[in-house]
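Trainee: This is the content of input_25.cif (mmCIF, C-alpha atoms):
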```
data_work
loop_
_atom_site.group_PDB
_atom_site.id
_atom_site.type_symbol
_atom_site.label_atom_id
_atom_site.label_comp_id
_atom_site.auth_asym_id
_atom_site.auth_seq_id
_atom_site.Cartn_x
_atom_site.Cartn_y
_atom_site.Cartn_z
ATOM 1 C CA MET A 1 0.000 0.000 0.000
ATOM 2 C CA SER A 2 1.304 3.445 -0.862
ATOM 3 C CA ASP A 3 1.998 6.188 1.653
ATOM 4 C CA PRO A 4 -1.213 8.271 1.991
ATOM 5 C CA LEU A 5 0.884 11.427 2.278
ATOM 6 C CA GLN A 6 2.183 10.740 -1.223
ATOM 7 C CA GLN A 7 -1.363 10.492 -2.618
ATOM 8 C CA ARG A 8 -1.723 12.278 -5.909
ATOM 9 C CA PHE A 9 -5.504 12.626 -5.659
ATOM 10 C CA ALA A 10 -6.234 10.297 -8.539
ATOM 11 C CA VAL A 11 -9.543 11.043 -10.202
ATOM 12 C CA ASP A 12 -10.965 7.686 -9.104
ATOM 13 C CA CYS A 13 -9.737 7.887 -5.505
ATOM 14 C CA PRO A 14 -12.686 7.786 -3.063
ATOM 15 C CA SER A 15 -10.865 10.153 -0.721
ATOM 16 C CA ARG A 16 -11.444 12.996 -3.188
ATOM 17 C CA GLU A 17 -15.205 12.773 -2.852
ATOM 18 C CA LEU A 18 -15.071 12.462 0.933
ATOM 19 C CA PHE A 19 -12.603 15.341 1.234
ATOM 20 C CA ASP A 20 -14.839 17.512 -0.932
ATOM 21 C CA GLN A 21 -17.877 16.646 1.187
ATOM 22 C CA ILE A 22 -16.314 17.277 4.605
ATOM 23 C CA ALA A 23 -14.206 20.282 3.647
ATOM 24 C CA GLY A 24 -17.065 22.219 2.100
ATOM 25 C CA LYS A 25 -18.014 25.517 3.688
ATOM 26 C CA TRP A 26 -21.430 24.414 4.921
ATOM 27 C CA SER A 27 -20.259 20.991 6.126
ATOM 28 C CA MET A 28 -17.594 22.474 8.363
ATOM 29 C CA MET A 29 -20.008 25.066 9.706
ATOM 30 C CA VAL A 30 -22.786 22.525 10.339
ATOM 31 C CA LEU A 31 -20.434 20.269 12.278
ATOM 32 C CA THR A 32 -19.210 23.258 14.270
ATOM 33 C CA VAL A 33 -22.765 24.414 15.053
ATOM 34 C CA LEU A 34 -23.705 20.877 16.149
ATOM 35 C CA ASP A 35 -20.684 20.684 18.464
ATOM 36 C CA GLY A 36 -22.821 21.930 21.349
ATOM 37 C CA GLY A 37 -25.458 19.236 20.985
ATOM 38 C CA PRO A 38 -28.400 18.187 18.831
ATOM 39 C CA LEU A 39 -30.346 20.847 16.942
ATOM 40 C CA ARG A 40 -33.409 21.007 14.763
ATOM 41 C CA PHE A 41 -33.140 21.997 11.105
ATOM 42 C CA ASN A 42 -34.443 25.551 11.555
ATOM 43 C CA GLU A 43 -32.081 26.230 14.455
ATOM 44 C CA ILE A 44 -29.125 25.113 12.355
ATOM 45 C CA ARG A 45 -30.345 27.337 9.535
ATOM 46 C CA ARG A 46 -30.696 30.347 11.852
ATOM 47 C CA ARG A 47 -27.097 29.895 13.019
ATOM 48 C CA LEU A 48 -25.721 29.700 9.481
ATOM 49 C CA GLU A 49 -26.434 33.087 7.992
ATOM 50 C CA GLY A 50 -26.771 32.919 4.228
ATOM 51 C CA VAL A 51 -27.407 29.194 3.834
ATOM 52 C CA THR A 52 -30.412 28.302 1.715
ATOM 53 C CA GLN A 53 -32.873 25.603 2.710
ATOM 54 C CA LYS A 54 -31.798 23.547 -0.309
ATOM 55 C CA ALA A 55 -28.055 23.875 0.411
ATOM 56 C CA LEU A 56 -28.545 22.966 4.070
ATOM 57 C CA THR A 57 -30.749 19.977 3.230
ATOM 58 C CA GLN A 58 -28.161 18.671 0.760
ATOM 59 C CA CYS A 59 -25.336 19.223 3.225
ATOM 60 C CA LEU A 60 -27.152 17.429 6.051
ATOM 61 C CA ARG A 61 -27.903 14.478 3.755
ATOM 62 C CA ARG A 62 -24.247 14.180 2.714
ATOM 63 C CA LEU A 63 -23.068 14.355 6.317
ATOM 64 C CA GLU A 64 -25.629 11.740 7.347
ATOM 65 C CA ARG A 65 -24.689 9.465 4.428
ATOM 66 C CA ASN A 66 -21.031 9.675 5.430
ATOM 67 C CA GLY A 67 -21.882 8.755 9.032
ATOM 68 C CA LEU A 68 -20.853 12.126 10.468
ATOM 69 C CA ILE A 69 -24.265 13.152 11.787
ATOM 70 C CA SER A 70 -27.418 11.299 12.734
ATOM 71 C CA ARG A 71 -30.976 12.337 11.996
ATOM 72 C CA ARG A 72 -33.787 11.661 14.454
ATOM 73 C CA VAL A 73 -37.458 12.190 13.754
ATOM 74 C CA ILE A 74 -39.334 13.555 16.757
ATOM 75 C CA PRO A 75 -42.962 12.419 16.687
ATOM 76 C CA THR A 76 -44.591 15.716 17.618
ATOM 77 C CA SER A 77 -47.230 17.702 15.829
ATOM 78 C CA PRO A 78 -45.914 18.863 13.464
ATOM 79 C CA ILE A 79 -43.145 16.285 13.133
ATOM 80 C CA ALA A 80 -39.700 17.676 13.896
ATOM 81 C CA VAL A 81 -36.259 16.454 12.898
ATOM 82 C CA GLU A 82 -33.149 16.777 15.022
ATOM 83 C CA TYR A 83 -29.525 16.381 13.923
ATOM 84 C CA GLU A 84 -26.571 15.360 16.062
ATOM 85 C CA ILE A 85 -22.889 14.659 15.506
ATOM 86 C CA THR A 86 -21.973 10.982 15.626
ATOM 87 C CA ALA A 87 -18.849 9.572 17.278
ATOM 88 C CA LEU A 88 -17.230 9.483 13.842
ATOM 89 C CA GLY A 89 -18.181 13.113 13.231
ATOM 90 C CA ARG A 90 -16.680 14.132 16.578
ATOM 91 C CA THR A 91 -13.283 12.904 15.372
ATOM 92 C CA LEU A 92 -13.313 15.847 12.935
ATOM 93 C CA GLN A 93 -13.724 18.439 15.696
ATOM 94 C CA PRO A 94 -10.002 18.714 16.626
ATOM 95 C CA PRO A 95 -8.805 19.405 13.050
ATOM 96 C CA PHE A 96 -11.746 21.746 12.391
ATOM 97 C CA LYS A 97 -11.029 23.691 15.586
ATOM 98 C CA ALA A 98 -7.344 23.876 14.674
ATOM 99 C CA LEU A 99 -8.251 25.199 11.220
ATOM 100 C CA TYR A 100 -10.582 27.787 12.746
ATOM 101 C CA CYS A 101 -7.880 28.919 15.204
ATOM 102 C CA TRP A 102 -5.398 29.191 12.338
ATOM 103 C CA THR A 103 -7.919 31.271 10.363
ATOM 104 C CA VAL A 104 -8.400 33.705 13.228
ATOM 105 C CA ALA A 105 -4.670 33.903 14.017
ATOM 106 C CA LYS A 106 -3.610 34.409 10.387
ATOM 107 C CA MET A 107 -6.434 36.601 9.080
ATOM 108 C CA ALA A 108 -4.388 39.814 9.242
ATOM 109 C CA GLU A 109 -1.596 38.193 7.203
ATOM 110 C CA VAL A 110 -4.085 36.855 4.670
ATOM 111 C CA GLU A 111 -5.735 40.260 4.328
ATOM 112 C CA ALA A 112 -2.314 41.876 3.792
ATOM 113 C CA ALA A 113 -1.497 39.304 1.105
ATOM 114 C CA ARG A 114 -4.836 39.967 -0.589
ATOM 115 C CA ARG A 115 -4.239 43.736 -0.594
ATOM 116 C CA ALA A 116 -0.760 43.246 -2.060
ATOM 117 C CA PHE A 117 -2.116 40.913 -4.743
ATOM 118 C CA ASP A 118 -4.957 43.291 -5.613
ATOM 119 C CA GLU A 119 -2.572 46.244 -5.887
ATOM 120 C CA LEU A 120 -0.278 44.264 -8.183
ATOM 121 C CA HIS A 121 -3.037 42.751 -10.320
ATOM 122 C CA GLY A 122 -5.852 45.250 -9.897
#
```
Show me this structure written as structure tokens.
Mentor:
Amino acid sequence: MSDPLQQRFAVDCPSRELFDQIAGKWSMMVLTVLDGGPLRFNEIRRRLEGVTQKALTQCLRRLERNGLISRRVIPTSPIAVEYEITALGRTLQPPFKALYCWTVAKMAEVEAARRAFDELHG
């Protein structure tokens, strides 16, 4: 078996699809929002400013399919649905938190690089 760090992201490698699904903007945000415990669909949507109902529904389905969140139907009137991070999904929290901390710590440097790029190419 080859070293995964030497992976060249072959077009038929299943890791590409999984990476795309977990690294997407909404996926990372949904998993972060669910870090505090289970939430209903509309509460997740309220916490993710700018997400459409369609985009959130698709994201939640992908995360559920990949085993990162679970979906529970609550038999109330009207019926409600609650989402929660699974044990597998929780294993993503440390790298996501590290990425978020890096983003906050490096934002000034990134903004400076963007300004320099825009001045050179603008």
Trainee: What's around Phe96 in chain A at 12 Å? Count only C-alpha atoms, leave out sequence neighbours fewer than 5 positions away in its own chain, and write the answer as a PDB file with C-alpha atoms, keeping the file's coordinate frame.
Mentor:
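Result file around10.pdb:
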```
ATOM      1  CA  ILE A  22     -16.314  17.277   4.605  1.00  0.00           C
ATOM      2  CA  ALA A  23     -14.206  20.282   3.647  1.00  0.00           C
ATOM      3  CA  GLY A  24     -17.065  22.219   2.100  1.00  0.00           C
ATOM      4  CA  LYS A  25     -18.014  25.517   3.688  1.00  0.00           C
ATOM      5  CA  SER A  27     -20.259  20.991   6.126  1.00  0.00           C
ATOM      6  CA  MET A  28     -17.594  22.474   8.363  1.00  0.00           C
ATOM      7  CA  MET A  29     -20.008  25.066   9.706  1.00  0.00           C
ATOM      8  CA  VAL A  30     -22.786  22.525  10.339  1.00  0.00           C
ATOM      9  CA  LEU A  31     -20.434  20.269  12.278  1.00  0.00           C
ATOM     10  CA  THR A  32     -19.210  23.258  14.270  1.00  0.00           C
ATOM     11  CA  VAL A  33     -22.765  24.414  15.053  1.00  0.00           C
ATOM     12  CA  ASP A  35     -20.684  20.684  18.464  1.00  0.00           C
ATOM     13  CA  GLY A  89     -18.181  13.113  13.231  1.00  0.00           C
ATOM     14  CA  ARG A  90     -16.680  14.132  16.578  1.00  0.00           C
ATOM     15  CA  THR A  91     -13.283  12.904  15.372  1.00  0.00           C
ATOM     16  CA  CYS A 101      -7.880  28.919  15.204  1.00  0.00           C
ATOM     17  CA  TRP A 102      -5.398  29.191  12.338  1.00  0.00           C
ATOM     18  CA  THR A 103      -7.919  31.271  10.363  1.00  0.00           C
TER      19      THR A 103
END
```
Trainee: For Ile74 in chain A, which residue out of A:Arg47, A:Arg40, A:Trp26, A:Asp20 is the nearest one, using all atoms listed in the file?
Mentor: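 Ranking A:Arg47, A:Arg40, A:Trp26, A:Asp20 by distance to Ile74 in chain A, first place goes to A:Arg40.
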Trainee: Is there a way to get, as a compact mmCIF listing (two decimals) with C-alpha atoms, in the coordinates of the input, all residues within 12 Å of the point (-26.5, 18.4, 1.9) in file coordinates, counting all atoms listed in the file?
Mentor:
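This went into part_9.txt:
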```
# COMPACT_ATOMS: atom_id res chain seq x y z
CA GLN A 21 -17.88 16.65 1.19
CA ILE A 22 -16.31 17.28 4.61
CA GLY A 24 -17.07 22.22 2.10
CA LYS A 25 -18.01 25.52 3.69
CA TRP A 26 -21.43 24.41 4.92
CA SER A 27 -20.26 20.99 6.13
CA MET A 28 -17.59 22.47 8.36
CA VAL A 30 -22.79 22.52 10.34
CA PHE A 41 -33.14 22.00 11.10
CA VAL A 51 -27.41 29.19 3.83
CA THR A 52 -30.41 28.30 1.72
CA GLN A 53 -32.87 25.60 2.71
CA LYS A 54 -31.80 23.55 -0.31
CA ALA A 55 -28.06 23.88 0.41
CA LEU A 56 -28.54 22.97 4.07
CA THR A 57 -30.75 19.98 3.23
CA GLN A 58 -28.16 18.67 0.76
CA CYS A 59 -25.34 19.22 3.22
CA LEU A 60 -27.15 17.43 6.05
CA ARG A 61 -27.90 14.48 3.76
CA ARG A 62 -24.25 14.18 2.71
CA LEU A 63 -23.07 14.36 6.32
CA GLU A 64 -25.63 11.74 7.35
CA ARG A 65 -24.69 9.46 4.43
CA ASN A 66 -21.03 9.68 5.43
CA ILE A 69 -24.26 13.15 11.79
```
Trainee: Take the PyMOL selection byres ((chain A and resi 80) around 12), run it mentally on this structure, and tell me the resulting residues as a PDB file with C-alpha atoms, in the frame of the given file.
Mentor:
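What ended up in selection37.pdb:
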```
ATOM      1  CA  LEU A  39     -30.346  20.847  16.942  1.00  0.00           C
ATOM      2  CA  ARG A  40     -33.409  21.007  14.763  1.00  0.00           C
ATOM      3  CA  PHE A  41     -33.140  21.997  11.105  1.00  0.00           C
ATOM      4  CA  ASN A  42     -34.443  25.551  11.555  1.00  0.00           C
ATOM      5  CA  GLU A  43     -32.081  26.230  14.455  1.00  0.00           C
ATOM      6  CA  ARG A  71     -30.976  12.337  11.996  1.00  0.00           C
ATOM      7  CA  ARG A  72     -33.787  11.661  14.454  1.00  0.00           C
ATOM      8  CA  VAL A  73     -37.458  12.190  13.754  1.00  0.00           C
ATOM      9  CA  ILE A  74     -39.334  13.555  16.757  1.00  0.00           C
ATOM     10  CA  PRO A  75     -42.962  12.419  16.687  1.00  0.00           C
ATOM     11  CA  THR A  76     -44.591  15.716  17.618  1.00  0.00           C
ATOM     12  CA  SER A  77     -47.230  17.702  15.829  1.00  0.00           C
ATOM     13  CA  PRO A  78     -45.914  18.863  13.464  1.00  0.00           C
ATOM     14  CA  ILE A  79     -43.145  16.285  13.133  1.00  0.00           C
ATOM     15  CA  VAL A  81     -36.259  16.454  12.898  1.00  0.00           C
ATOM     16  CA  GLU A  82     -33.149  16.777  15.022  1.00  0.00           C
ATOM     17  CA  TYR A  83     -29.525  16.381  13.923  1.00  0.00           C
TER      18      TYR A  83
END
```
Trainee: Interatomic distance between CA of Leu68 in chain A and CA of Glu49 in chain A?
Mentor: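 About the pair CA of Leu68 in chain A and CA of Glu49 in chain A: they are 21.8 Å apart.
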Trainee: Suppose you want the space between CA of Leu34 in chain A and CA of Gln93 in chain A; what is it in Å?
Mentor: 10.3 Å
Trainee: Could you tell me how far CA of Asp118 in chain A lies from CA of Ala98 in chain A, in Å and to one decimal?
Mentor: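 That distance, rounded to one decimal, is 28.2 Å.
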